[in-house]
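Chemist: input09.txt (compact mmCIF, C-alpha atoms) pasted underneath:
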# COMPACT_ATOMS: atom_id res chain seq x y z
CA MET A 1 290.74 51.86 -101.46
CA LYS A 2 294.07 52.58 -103.11
CA LEU A 3 294.38 56.25 -104.03
CA ALA A 4 297.39 57.59 -105.91
CA ILE A 5 298.50 61.21 -105.83
CA ALA A 6 300.38 62.00 -109.03
CA SER A 7 301.35 64.93 -111.24
CA GLY A 8 303.19 65.42 -114.47
CA LYS A 9 305.17 68.41 -113.25
CA GLY A 10 307.30 68.22 -110.13
CA GLY A 11 306.71 70.61 -107.25
CA THR A 12 302.98 71.01 -107.73
CA GLY A 13 302.10 69.79 -104.23
CA LYS A 14 301.65 66.00 -104.37
CA SER A 15 303.26 65.43 -101.00
CA MET A 16 301.37 68.33 -99.45
CA VAL A 17 298.08 66.83 -100.60
CA ALA A 18 299.05 63.26 -99.61
CA ALA A 19 300.29 64.29 -96.15
CA ASN A 20 297.26 66.44 -95.33
CA LEU A 21 294.80 63.86 -96.63
CA ALA A 22 296.44 61.07 -94.61
CA PHE A 23 296.64 63.26 -91.48
CA THR A 24 292.94 64.13 -91.71
CA LEU A 25 291.72 60.58 -92.43
CA ALA A 26 293.93 59.07 -89.72
CA MET A 27 291.86 60.86 -87.06
CA GLU A 28 288.98 58.47 -87.64
CA SER A 29 290.31 55.58 -89.77
CA GLN A 30 293.33 53.36 -90.23
CA VAL A 31 295.35 54.91 -93.08
CA SER A 32 298.53 53.81 -94.84
CA LEU A 33 300.59 56.52 -96.48
CA VAL A 34 303.13 55.24 -98.98
CA ASP A 35 306.01 57.32 -100.29
CA CYS A 36 306.59 55.93 -103.80
CA ASP A 37 308.96 58.76 -104.76
CA VAL A 38 311.85 56.50 -103.82
CA GLU A 39 314.51 58.67 -105.44
CA GLU A 40 313.71 61.52 -103.09
CA PRO A 41 311.11 60.53 -100.51
CA ASN A 42 309.93 63.40 -98.29
CA LEU A 43 306.78 62.37 -96.39
CA HIS A 44 308.83 61.34 -93.35
CA LEU A 45 309.69 65.04 -92.95
CA PHE A 46 306.03 65.76 -92.10
CA PHE A 47 305.72 62.74 -89.80
CA PRO A 48 308.95 62.35 -87.80
CA SER A 49 309.10 58.96 -86.04
CA ASP A 50 311.45 56.03 -85.51
CA PRO A 51 310.92 53.61 -88.38
CA MET A 52 311.71 49.93 -88.71
CA THR A 53 314.01 49.77 -91.72
CA ARG A 54 315.03 46.79 -93.81
CA ASP A 55 317.08 46.33 -96.95
CA VAL A 56 315.49 45.84 -100.37
CA THR A 57 317.60 43.52 -102.50
CA LEU A 58 317.61 42.15 -106.02
CA PRO A 59 319.18 38.86 -107.10
CA ILE A 60 322.24 39.30 -109.30
CA PRO A 61 324.23 36.53 -110.98
CA VAL A 62 327.52 35.25 -109.64
CA ILE A 63 329.47 33.30 -112.24
CA ASP A 64 331.93 30.57 -111.30
CA GLU A 65 334.76 30.93 -113.80
CA PHE A 66 336.19 27.52 -112.81
CA ILE A 67 333.09 25.87 -114.25
CA CYS A 68 332.40 28.42 -117.05
CA THR A 69 333.46 27.29 -120.53
CA TYR A 70 333.02 30.79 -122.06
CA CYS A 71 330.31 29.42 -124.33
CA ARG A 72 328.77 32.94 -124.42
CA LYS A 73 325.14 31.80 -124.08
CA CYS A 74 324.59 34.10 -121.07
CA GLY A 75 326.12 37.13 -122.80
CA GLU A 76 324.06 36.55 -125.93
CA PHE A 77 320.89 36.16 -123.88
CA CYS A 78 321.38 39.31 -121.78
CA ARG A 79 319.60 42.11 -123.60
CA TYR A 80 320.91 44.66 -121.10
CA GLY A 81 324.58 44.14 -121.97
CA ALA A 82 325.37 43.19 -118.36
CA ILE A 83 327.55 40.20 -119.28
CA SER A 84 330.45 40.33 -121.75
CA VAL A 85 332.15 37.02 -122.58
CA LEU A 86 335.68 37.36 -123.92
CA PRO A 87 337.67 34.35 -125.20
CA LYS A 88 339.08 33.59 -121.73
CA LYS A 89 337.45 36.15 -119.50
CA LEU A 90 334.01 37.04 -118.26
CA LEU A 91 332.88 40.57 -117.33
CA PHE A 92 329.74 41.36 -115.34
CA PHE A 93 328.21 44.84 -114.95
CA ALA A 94 325.96 44.84 -111.88
CA ASP A 95 324.56 48.29 -112.71
CA LEU A 96 323.26 47.09 -116.09
CA CYS A 97 321.69 43.90 -114.70
CA HIS A 98 317.86 43.88 -114.43
CA SER A 99 317.76 40.69 -112.33
CA CYS A 100 315.73 38.78 -114.90
CA GLY A 101 317.49 35.49 -114.04
CA GLY A 102 317.77 34.53 -117.71
CA CYS A 103 321.54 33.92 -117.59
CA VAL A 104 321.04 31.33 -114.84
CA LEU A 105 318.47 29.50 -116.99
CA VAL A 106 320.48 29.46 -120.22
CA CYS A 107 323.85 28.41 -118.69
CA PRO A 108 324.42 24.80 -119.81
CA GLU A 109 327.14 24.25 -117.18
CA ASN A 110 325.18 25.47 -114.13
CA ALA A 111 328.04 27.88 -113.52
CA ILE A 112 325.74 30.76 -112.49
CA HIS A 113 323.87 31.24 -109.23
CA GLU A 114 322.19 34.34 -107.80
CA GLU A 115 323.05 36.37 -104.71
CA PRO A 116 321.16 39.32 -103.24
CA LYS A 117 322.43 42.84 -103.89
CA ARG A 118 321.06 45.75 -101.87
CA ILE A 119 319.46 48.52 -103.95
CA GLY A 120 317.70 50.51 -101.22
CA THR A 121 315.60 50.36 -98.08
CA LEU A 122 312.00 50.14 -96.94
CA SER A 123 310.95 51.88 -93.71
CA VAL A 124 307.70 51.43 -91.78
CA SER A 125 306.64 53.69 -88.91
CA THR A 126 303.54 54.70 -86.95
CA PRO A 127 303.82 58.47 -86.48
CA LEU A 128 300.15 58.82 -85.42
CA SER A 129 297.92 56.14 -83.92
CA GLY A 130 295.85 55.80 -87.12
CA LEU A 131 298.70 56.29 -89.54
CA LYS A 132 301.14 53.79 -91.01
CA LEU A 133 303.90 55.45 -93.03
CA VAL A 134 305.83 53.34 -95.53
CA THR A 135 308.84 54.90 -97.23
CA GLY A 136 310.91 53.39 -99.99
CA MET A 137 314.38 54.80 -100.51
CA LEU A 138 316.67 54.00 -103.41
CA ASP A 139 320.39 53.93 -102.64
CA ALA A 140 322.42 56.71 -104.28
CA GLY A 141 323.90 55.41 -107.52
CA SER A 142 321.43 52.55 -107.81
CA PRO A 143 319.51 52.80 -111.10
CA LEU A 144 316.36 50.71 -110.51
CA ALA A 145 313.53 52.48 -108.67
CA VAL A 146 310.73 50.17 -109.80
CA PRO A 147 311.59 47.11 -107.62
CA ILE A 148 311.53 49.31 -104.47
CA ILE A 149 308.14 50.74 -105.41
CA HIS A 150 306.92 47.19 -105.98
CA GLU A 151 308.15 46.27 -102.48
CA VAL A 152 306.49 49.21 -100.67
CA LYS A 153 303.21 48.40 -102.42
CA ILE A 154 303.38 44.79 -101.23
CA GLU A 155 303.90 46.12 -97.69
CA THR A 156 300.47 47.81 -97.83
CA SER A 157 298.62 45.46 -100.19
CA ASP A 158 296.09 44.31 -97.57
CA ASP A 159 295.56 47.68 -95.87
CA PRO A 160 292.05 49.21 -96.07
CA ILE A 161 292.94 52.79 -97.07
CA VAL A 162 296.21 53.36 -98.91
CA ILE A 163 297.37 56.76 -100.16
CA LEU A 164 300.31 56.53 -102.56
CA ASP A 165 302.45 59.59 -103.21
CA THR A 166 304.11 59.00 -106.58
CA ALA A 167 307.21 60.45 -108.20
CA PRO A 168 306.57 63.32 -110.63
CA GLY A 169 306.56 62.70 -114.38
CA THR A 170 305.14 59.89 -116.45
CA SER A 171 307.98 57.33 -116.49
CA CYS A 172 308.24 53.74 -115.20
CA PRO A 173 308.30 54.62 -111.45
CA VAL A 174 305.00 56.49 -111.85
CA VAL A 175 303.40 53.70 -113.87
CA GLU A 176 304.54 51.13 -111.28
CA ALA A 177 303.01 53.20 -108.45
CA LEU A 178 299.72 53.72 -110.34
CA GLU A 179 299.29 50.09 -111.34
CA GLY A 180 296.36 48.56 -109.46
CA CYS A 181 295.15 51.84 -107.90
CA ASP A 182 291.39 52.49 -107.69
CA ALA A 183 291.66 56.21 -108.43
CA CYS A 184 294.23 58.93 -108.95
CA ILE A 185 294.35 62.58 -107.95
CA LEU A 186 296.42 64.67 -110.35
CA VAL A 187 297.85 67.75 -108.67
CA THR A 188 298.55 70.67 -110.99
CA GLU A 189 299.24 74.38 -110.74
CA SER A 190 297.84 77.18 -112.88
CA THR A 191 300.95 77.74 -115.00
CA PRO A 192 301.63 76.75 -118.64
CA PHE A 193 304.10 74.10 -117.40
CA GLY A 194 301.55 72.76 -114.94
CA LEU A 195 298.94 72.39 -117.67
CA HIS A 196 301.35 70.88 -120.20
CA ASP A 197 302.44 68.19 -117.77
CA LEU A 198 298.89 67.61 -116.48
CA ASP A 199 298.02 66.71 -120.07
CA LEU A 200 300.79 64.08 -120.10
CA ALA A 201 299.83 62.67 -116.69
CA ALA A 202 296.13 62.48 -117.61
CA ASP A 203 297.12 60.52 -120.69
CA VAL A 204 298.91 57.96 -118.47
CA THR A 205 295.96 57.46 -116.10
CA GLU A 206 293.64 57.13 -119.08
CA ARG A 207 295.82 54.48 -120.72
CA LEU A 208 296.07 52.59 -117.44
CA GLY A 209 292.29 52.79 -117.06
CA ILE A 210 292.49 54.54 -113.68
CA PRO A 211 289.77 57.13 -112.98
CA ALA A 212 291.35 60.52 -112.29
CA GLY A 213 290.41 63.92 -110.87
CA VAL A 214 292.36 67.14 -110.52
CA ILE A 215 293.50 69.47 -107.75
CA ILE A 216 294.60 72.96 -108.77
CA ASN A 217 297.20 74.04 -106.25
CA ARG A 218 298.67 77.52 -105.75
CA SER A 219 295.77 78.92 -107.74
CA ASP A 220 296.07 82.62 -108.56
CA GLY A 221 292.44 82.63 -109.67
CA LYS A 222 293.40 82.60 -113.36
CA ASP A 223 292.71 78.93 -113.96
CA ASP A 224 290.59 79.28 -117.10
CA GLU A 225 292.86 77.24 -119.34
CA THR A 226 293.22 74.45 -116.79
CA LEU A 227 289.46 74.42 -116.16
CA ARG A 228 288.83 74.24 -119.92
CA PHE A 229 291.27 71.34 -120.24
CA CYS A 230 289.60 69.48 -117.37
CA ALA A 231 286.13 70.01 -118.85
CA GLU A 232 287.30 68.79 -122.26
CA HIS A 233 288.86 65.67 -120.75
CA ASP A 234 286.04 64.95 -118.34
CA LEU A 235 288.29 65.47 -115.30
CA ASP A 236 286.56 66.67 -112.14
CA VAL A 237 288.31 69.56 -110.37
CA MET A 238 288.06 68.13 -106.87
CA LEU A 239 289.74 70.93 -104.93
CA THR A 240 291.37 74.30 -105.54
CA ILE A 241 294.00 75.48 -103.10
CA PRO A 242 294.83 79.20 -103.31
CA PHE A 243 298.27 80.66 -103.80
CA SER A 244 299.20 81.68 -100.28
CA ARG A 245 302.47 82.62 -98.67
CA GLU A 246 301.16 81.29 -95.36
CA ILE A 247 300.45 77.81 -96.75
CA ALA A 248 303.91 77.77 -98.33
CA SER A 249 305.46 78.73 -95.02
CA ILE A 250 303.55 76.02 -93.09
CA GLN A 251 304.68 73.49 -95.66
CA SER A 252 308.31 74.58 -95.70
CA ARG A 253 308.70 74.22 -91.94
CA GLY A 254 307.44 70.62 -92.19
CA ASP A 255 304.05 71.34 -90.66
CA LEU A 256 300.62 70.47 -92.06
CA LEU A 257 297.94 72.85 -93.27
CA CYS A 258 295.23 70.67 -91.69
CA ARG A 259 296.97 70.74 -88.31
CA VAL A 260 297.58 74.51 -88.26
CA HIS A 261 294.19 75.34 -89.79
CA PRO A 262 291.78 72.53 -88.84
CA GLU A 263 289.05 74.13 -90.99
CA TRP A 264 290.91 72.64 -93.99
CA GLN A 265 290.17 69.11 -92.73
CA LYS A 266 286.64 69.47 -94.07
CA GLU A 267 288.04 70.13 -97.55
CA PHE A 268 290.29 67.07 -97.42
CA ARG A 269 287.48 64.85 -96.08
CA SER A 270 285.35 65.99 -98.98
CA LEU A 271 288.28 65.28 -101.32
CA PHE A 272 288.38 61.70 -100.06
CA THR A 273 284.63 61.30 -100.52
CA LYS A 274 284.97 62.52 -104.12
CA SER A 275 287.85 60.08 -104.63
CA LYS A 276 285.66 57.19 -103.51
CA VAL A 277 283.01 58.26 -106.00
CA LEU A 278 285.71 58.46 -108.67
CA ALA A 279 286.74 54.91 -107.82
CA GLY A 280 283.15 53.79 -108.35
CA GLY A 281 282.35 53.30 -104.67
CA GLU A 282 279.18 54.50 -102.90
CA LEU A 283 279.07 57.71 -100.88
CA MET B 1 345.66 44.19 -138.31
CA LYS B 2 341.97 44.97 -138.28
CA ILE B 3 340.90 48.51 -137.41
CA CYS B 4 337.32 49.33 -136.44
CA ILE B 5 336.00 52.85 -137.15
CA THR B 6 332.56 53.99 -136.05
CA ALA B 7 330.75 55.45 -139.08
CA GLN B 8 327.54 57.14 -140.16
CA GLY B 9 327.42 55.12 -143.40
CA ALA B 10 328.53 51.81 -144.88
CA ASP B 11 331.68 52.79 -146.79
CA LEU B 12 335.05 54.50 -146.43
CA GLU B 13 333.67 57.85 -147.60
CA ALA B 14 331.08 57.93 -144.81
CA LYS B 15 331.58 60.42 -141.97
CA VAL B 16 333.09 59.13 -138.74
CA GLU B 17 330.38 58.76 -136.07
CA GLU B 18 331.47 60.16 -132.73
CA ARG B 19 329.33 57.83 -130.60
CA PHE B 20 330.50 54.25 -130.12
CA GLY B 21 327.61 52.09 -128.83
CA ARG B 22 325.00 53.85 -130.95
CA ALA B 23 327.07 54.32 -134.12
CA PRO B 24 325.02 53.39 -137.24
CA TYR B 25 327.90 51.34 -138.72
CA PHE B 26 331.16 49.73 -137.71
CA ILE B 27 333.69 49.73 -140.56
CA ILE B 28 336.30 47.00 -140.06
CA ALA B 29 339.30 47.85 -142.25
CA ASP B 30 342.19 45.45 -142.83
CA SER B 31 345.47 47.43 -142.81
CA GLU B 32 347.36 44.67 -144.67
CA THR B 33 344.99 44.03 -147.58
CA GLY B 34 343.24 47.42 -147.71
CA SER B 35 339.85 45.68 -147.80
CA PHE B 36 336.99 46.61 -145.49
CA GLU B 37 333.70 45.31 -144.20
CA ALA B 38 330.73 47.38 -142.99
CA ILE B 39 328.57 46.04 -140.17
CA ALA B 40 325.22 47.67 -139.43
CA ASN B 41 325.01 48.15 -135.65
CA PRO B 42 322.27 45.82 -134.36
CA PHE B 43 322.21 47.62 -130.97
CA ILE B 44 321.58 51.14 -132.29
CA ASN B 45 318.10 51.35 -130.75
CA GLY B 46 318.82 49.22 -127.69
CA SER B 47 317.43 50.47 -124.40
CA GLY B 48 320.69 50.15 -122.50
CA GLY B 49 323.99 48.35 -122.22
CA VAL B 50 324.75 49.04 -125.89
CA GLY B 51 328.39 49.94 -125.16
CA PRO B 52 329.46 46.50 -123.84
CA LYS B 53 327.38 44.78 -126.54
CA ALA B 54 329.01 46.79 -129.33
CA ALA B 55 332.42 46.10 -127.77
CA GLN B 56 331.66 42.36 -127.82
CA LEU B 57 330.73 42.65 -131.49
CA ILE B 58 334.02 44.21 -132.56
CA ILE B 59 335.98 41.77 -130.37
CA ASP B 60 334.26 38.93 -132.28
CA ARG B 61 335.44 40.53 -135.55
CA GLN B 62 339.00 40.40 -134.21
CA ALA B 63 339.60 44.14 -134.35
CA GLY B 64 342.88 45.18 -132.72
CA VAL B 65 342.19 48.92 -132.76
CA LEU B 66 339.10 51.08 -132.39
CA ILE B 67 338.77 54.64 -133.72
CA SER B 68 335.75 56.54 -132.39
CA GLY B 69 334.76 59.78 -130.68
CA LEU B 70 333.10 59.10 -127.36
CA LEU B 71 333.46 55.93 -125.36
CA GLY B 72 331.55 55.01 -122.18
CA GLY B 73 333.22 53.48 -119.15
CA ASN B 74 331.64 50.03 -119.53
CA ALA B 75 332.57 49.75 -123.21
CA LYS B 76 336.10 50.89 -122.47
CA TYR B 77 336.43 48.29 -119.72
CA VAL B 78 335.39 45.48 -122.09
CA LEU B 79 337.72 46.72 -124.86
CA ASP B 80 340.62 47.12 -122.42
CA SER B 81 340.03 43.60 -121.11
CA ALA B 82 340.18 42.27 -124.67
CA GLY B 83 343.36 44.24 -125.42
CA ILE B 84 341.81 46.52 -128.05
CA THR B 85 343.57 49.90 -128.22
CA GLN B 86 341.21 52.86 -128.60
CA TYR B 87 341.95 56.10 -130.45
CA VAL B 88 339.98 59.34 -130.47
CA TYR B 89 338.99 60.93 -133.77
CA ARG B 90 337.60 64.48 -133.52
CA GLY B 91 336.13 66.50 -136.35
CA ASP B 92 333.74 65.59 -139.12
CA GLY B 93 336.06 63.82 -141.57
CA THR B 94 335.50 60.55 -143.40
CA VAL B 95 336.47 57.04 -142.38
CA SER B 96 339.34 57.21 -144.95
CA ALA B 97 340.60 60.43 -143.38
CA ALA B 98 340.50 58.84 -139.91
CA LEU B 99 342.43 55.81 -141.19
CA ASP B 100 345.06 58.06 -142.77
CA ALA B 101 345.40 60.02 -139.53
CA PHE B 102 345.81 56.75 -137.63
CA LYS B 103 348.52 55.52 -140.04
CA LYS B 104 350.41 58.84 -139.59
CA ASN B 105 350.22 58.40 -135.79
CA ALA B 106 348.17 61.61 -135.60
CA LEU B 107 345.45 60.26 -133.27
CA ASP B 108 345.48 60.30 -129.48
CA GLN B 109 344.91 57.13 -127.56
CA VAL B 110 341.90 57.06 -125.16
CA ASN B 111 343.23 56.94 -121.63
In structure tokens, how does this file's structure come out?

Modeler:
Amino acid sequence: MKLAIASGKGGTGKSMVAANLAFTLAMESQVSLVDCDVEEPNLHLFFPSDPMTRDVTLPIPVIDEFICTYCRKCGEFCRYGAISVLPKKLLFFADLCHSCGGCVLVCPENAIHEEPKRIGTLSVSTPLSGLKLVTGMLDAGSPLAVPIIHEVKIETSDDPIVILDTAPGTSCPVVEALEGCDACILVTESTPFGLHDLDLAADVTERLGIPAGVIINRSDGKDDETLRFCAEHDLDVMLTIPFSREIASIQSRGDLLCRVHPEWQKEFRSLFTKSKVLAGGEL
Amino acid sequence: MKICITAQGADLEAKVEERFGRAPYFIIADSETGSFEAIANPFINGSGGVGPKAAQLIIDRQAGVLISGLLGGNAKYVLDSAGITQYVYRGDGTVSAALDAFKKNALDQVN
């Protein structure tokens, strides 16, 4: 079971939901929690532990100018503008390179080989006996988040229960995280922004063919518009979490609602059961 | 000498375009003969790296000078490496006006 937690709008409570769900399930099952928000991962704040960390690299071309004849085939092939071939000089822009390897293939002189370039890290830890936490982190200044998300997903590809906390929005990093998931929980809040971005996110899950349900977080009880939207789009409202200063305070000190108030574990267990139904599994 | 001006249209009366890599047209004017050539920018809708690609294009056309508004770091690096001097044109004048300003030494060099 691969369950993604996503949202259009940022700050709706994806990580709060992912952390509490993983904490609750880890009491009786083996759970993998994956932080796919590699530009600003935060789940490790709720589960402090000593991780094993390794580099994530991408191959980038290295061009031997002694062999190069400045024939320009590589520069013409590169659709990302990463290679400029001047009459007697070659310029390479590592930040524009997408590591497609095409320049290596088209070089008639075999003047190009690839070397690894670090773009970020992948950390694995076991903060609780039933919980494996995998965190991808993109290096500052590095532009490609998708390859790191790909890597953290491979790290958990054979695990029985995987909860993936995605980045906010609807761009490539979110699509990469959602790809191959059995179901998706969309976390929203009862504000006009929350609803607007829920609409966008629901469109993404629909296009990817991933069954989705909704959590309304920080509900002030005036959720009519959101409820109407969900009914119109056949999205089950799986859980409503009230607007509460106490919950916000638990969250902001890095604690977990389900640890401080164990009665909430029932709600999150029921959320997981509904997710399995969403994914087409049996109860 | 050939002078490249980024333009919104395909002739000398077109407005100067302030962006370099995503300029609709590159006007290559020959200061000796007074003739010009307009090249539609093939990279205008490119997803990225359009600056270096546009720079390569005007290098291939043997331009010695570029007149534009904004220039990214990667494009500037390619143009510098090829020895193309870059000048800034501000305002919403035509390509002709920018060329006149260049000939009167009224434009600042990009540094």

Chemist: Which residues of chain B have any atom within 6 Å of an atom in chain A when counting all atoms listed in the file, and what is the closest pair of atoms for each, with the distance in Å to one decimal? Order the rows by chain and rising number and write it as JSON lines.

Modeler:
{"residue": "B:Gly48", "atom": "CA", "partner": "A:Tyr80", "partner_atom": "CA", "distance": 5.7}
{"residue": "B:Gly49", "atom": "CA", "partner": "A:Gly81", "partner_atom": "CA", "distance": 4.3}
{"residue": "B:Pro52", "atom": "CA", "partner": "A:Gly81", "partner_atom": "CA", "distance": 5.7}
{"residue": "B:Lys53", "atom": "CA", "partner": "A:Gly81", "partner_atom": "CA", "distance": 5.4}

Chemist: For the point (329.5, 37.3, -104.6) in file coordinates, what residues are within 10 Å, counting only C-alpha atoms? Give the answer as a list in words?

Modeler: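 Result, sorted by chain then residue number: Ile60, Pro61, Val62, Ile63, Asp64, His113, Glu114, Glu115, Pro116 and Lys117 of chain A.
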
Chemist: Any chance you can output those residues with C-alpha atoms as a PDB file, keeping the file's coordinate frame?

Modeler:
ATOM      1  CA  ILE A  60     322.240  39.300-109.300  1.00  0.00           C
ATOM      2  CA  PRO A  61     324.230  36.530-110.980  1.00  0.00           C
ATOM      3  CA  VAL A  62     327.520  35.250-109.640  1.00  0.00           C
ATOM      4  CA  ILE A  63     329.470  33.300-112.240  1.00  0.00           C
ATOM      5  CA  ASP A  64     331.930  30.570-111.300  1.00  0.00           C
ATOM      6  CA  HIS A 113     323.870  31.240-109.230  1.00  0.00           C
ATOM      7  CA  GLU A 114     322.190  34.340-107.800  1.00  0.00           C
ATOM      8  CA  GLU A 115     323.050  36.370-104.710  1.00  0.00           C
ATOM      9  CA  PRO A 116     321.160  39.320-103.240  1.00  0.00           C
ATOM     10  CA  LYS A 117     322.430  42.840-103.890  1.00  0.00           C
TER      11      LYS A 117
END

Chemist: If you count all atoms listed in the file, which residues fall within 10 Å of stretch 236-241 of chain A, apart from same-chain ones fewer than 2 positions away, as an NGL selection string?

Modeler: :A and (13 or 17 or 185-189 or 212-221 or 223 or 226-227 or 230-231 or 233-234 or 243-244 or 247 or 267-268 or 270-275 or 278)

Chemist: Could you check the closest approach to A:Cys172 for each of A:Cys36, A:Ala19, A:Leu128, A:Cys103 and tell me which residue wins, using all atoms listed in the file?

Modeler: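 When distances to A:Cys172 are compared using all atoms listed in the file, the smallest one comes from A:Cys36.
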
Chemist: Could you jot down the atom CA of A:Glu155 to atom CA of A:Ser125 separation for me, Å, one decimal place?

Modeler: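 Straight-line distance from atom CA of A:Glu155 to atom CA of A:Ser125 works out to 11.9 Å.
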
Chemist: Residues around (330.8, 64.5, -141.5), cut-off 12 Å, counting only C-alpha atoms - what are they as a ChimeraX atom specification?

Modeler: /B:6-9,12-18,89-98

Chemist: Taking all atoms of stretch 47-55 of chain B that the file lists, what box with edges along x, y and z, padded by 5 Å per side, do you get, with centre and edge lengths in Å to one decimal, as JSON?

Modeler:
{"center_x": 324.9, "center_y": 47.6, "center_z": -125.8, "size_x": 25.0, "size_y": 15.7, "size_z": 17.1}

Chemist: Just to confirm, what's the straight-line distance from atom CA of B:Leu71 to atom CA of B:Ser35 in Å (one decimal)?

Modeler: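 Separation of atom CA of B:Leu71 and atom CA of B:Ser35: 25.5 Å.
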
Chemist: Quick check, in Å to one decimal: how far apart do atom CA of B:Ala82 and atom CA of B:Leu66 lie?

Modeler: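 Separation between atom CA of B:Ala82 and atom CA of B:Leu66: 11.8 Å.
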
Chemist: Please provide as a list in words all residues within 7 Å of A:Val162, with the sequence filter that same-chain residues fewer than 6 positions apart are discarded (counting all atoms listed in the file).

Modeler: Met1, Lys2, Leu3, Val31, Ser32 and Leu33 of chain A

Chemist: Write out as a ChimeraX atom specification which residues come within 10 Å of B:Pro42 when counting all atoms listed in the file, dropping same-chain ones fewer than 5 positions away.

Modeler: /B:21-25,50,53-54,57

Chemist: Could you list, as number ranges by chain, every residue within 12 Å of A:Lys132, counting all atoms listed in the file and ignoring same-chain residues fewer than 3 positions away?

Modeler: A: 19, 22-23, 25-26, 29-35, 43-44, 47, 49-52, 123-129, 135, 152, 155-156, 159-164

Chemist: What's around A:Leu58 at 12 Å? Count all atoms listed in the file, leave out sequence neighbours fewer than 4 positions away in its own chain, and write the answer as a ChimeraX atom specification.

Modeler: /A:94-95,97-101,114-121,142-148,150-151

Chemist: Could those residues be written to a file, using C-alpha atoms, as a short mmCIF file (atom, residue, chain, number, x, y, z; two decimals), keeping the file's coordinate frame?

Modeler:
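New file result14.cif:
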data_model
loop_
_atom_site.label_atom_id
_atom_site.label_comp_id
_atom_site.auth_asym_id
_atom_site.auth_seq_id
_atom_site.Cartn_x
_atom_site.Cartn_y
_atom_site.Cartn_z
CA ALA A 94 325.96 44.84 -111.88
CA ASP A 95 324.56 48.29 -112.71
CA CYS A 97 321.69 43.90 -114.70
CA HIS A 98 317.86 43.88 -114.43
CA SER A 99 317.76 40.69 -112.33
CA CYS A 100 315.73 38.78 -114.90
CA GLY A 101 317.49 35.49 -114.04
CA GLU A 114 322.19 34.34 -107.80
CA GLU A 115 323.05 36.37 -104.71
CA PRO A 116 321.16 39.32 -103.24
CA LYS A 117 322.43 42.84 -103.89
CA ARG A 118 321.06 45.75 -101.87
CA ILE A 119 319.46 48.52 -103.95
CA GLY A 120 317.70 50.51 -101.22
CA THR A 121 315.60 50.36 -98.08
CA SER A 142 321.43 52.55 -107.81
CA PRO A 143 319.51 52.80 -111.10
CA LEU A 144 316.36 50.71 -110.51
CA ALA A 145 313.53 52.48 -108.67
CA VAL A 146 310.73 50.17 -109.80
CA PRO A 147 311.59 47.11 -107.62
CA ILE A 148 311.53 49.31 -104.47
CA HIS A 150 306.92 47.19 -105.98
CA GLU A 151 308.15 46.27 -102.48
#

Chemist: Any chance you could model N, CA and C atoms for stretch 82-93 of chain B and send them as a tab-separated table (two decimals), in the coordinates of the input?

Modeler:
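In the end it all went to part.tsv:
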chain	number	residue	atom	x	y	z
B	82	ALA	N	339.90	43.08	-123.49
B	82	ALA	CA	340.18	42.27	-124.67
B	82	ALA	C	341.45	42.74	-125.38
B	83	GLY	N	342.11	43.77	-124.85
B	83	GLY	CA	343.36	44.24	-125.42
B	83	GLY	C	343.19	45.04	-126.70
B	84	ILE	N	342.03	45.68	-126.86
B	84	ILE	CA	341.81	46.52	-128.05
B	84	ILE	C	342.19	47.97	-127.71
B	85	THR	N	343.14	48.52	-128.46
B	85	THR	CA	343.57	49.90	-128.22
B	85	THR	C	342.56	50.85	-128.84
B	86	GLN	N	342.23	51.93	-128.10
B	86	GLN	CA	341.21	52.86	-128.60
B	86	GLN	C	341.84	54.22	-128.90
B	87	TYR	N	341.46	54.78	-130.05
B	87	TYR	CA	341.95	56.10	-130.45
B	87	TYR	C	340.78	57.04	-130.65
B	88	VAL	N	341.03	58.33	-130.34
B	88	VAL	CA	339.98	59.34	-130.47
B	88	VAL	C	340.11	60.04	-131.81
B	89	TYR	N	339.00	60.12	-132.56
B	89	TYR	CA	338.99	60.93	-133.77
B	89	TYR	C	337.99	62.06	-133.56
B	90	ARG	N	338.48	63.30	-133.67
B	90	ARG	CA	337.60	64.48	-133.52
B	90	ARG	C	337.43	65.15	-134.88
B	91	GLY	N	336.34	65.82	-135.07
B	91	GLY	CA	336.13	66.50	-136.35
B	91	GLY	C	335.13	65.72	-137.17
B	92	ASP	N	334.79	66.25	-138.36
B	92	ASP	CA	333.74	65.59	-139.12
B	92	ASP	C	334.28	65.00	-140.44
B	93	GLY	N	335.46	64.43	-140.39
B	93	GLY	CA	336.06	63.82	-141.57
B	93	GLY	C	335.48	62.45	-141.89
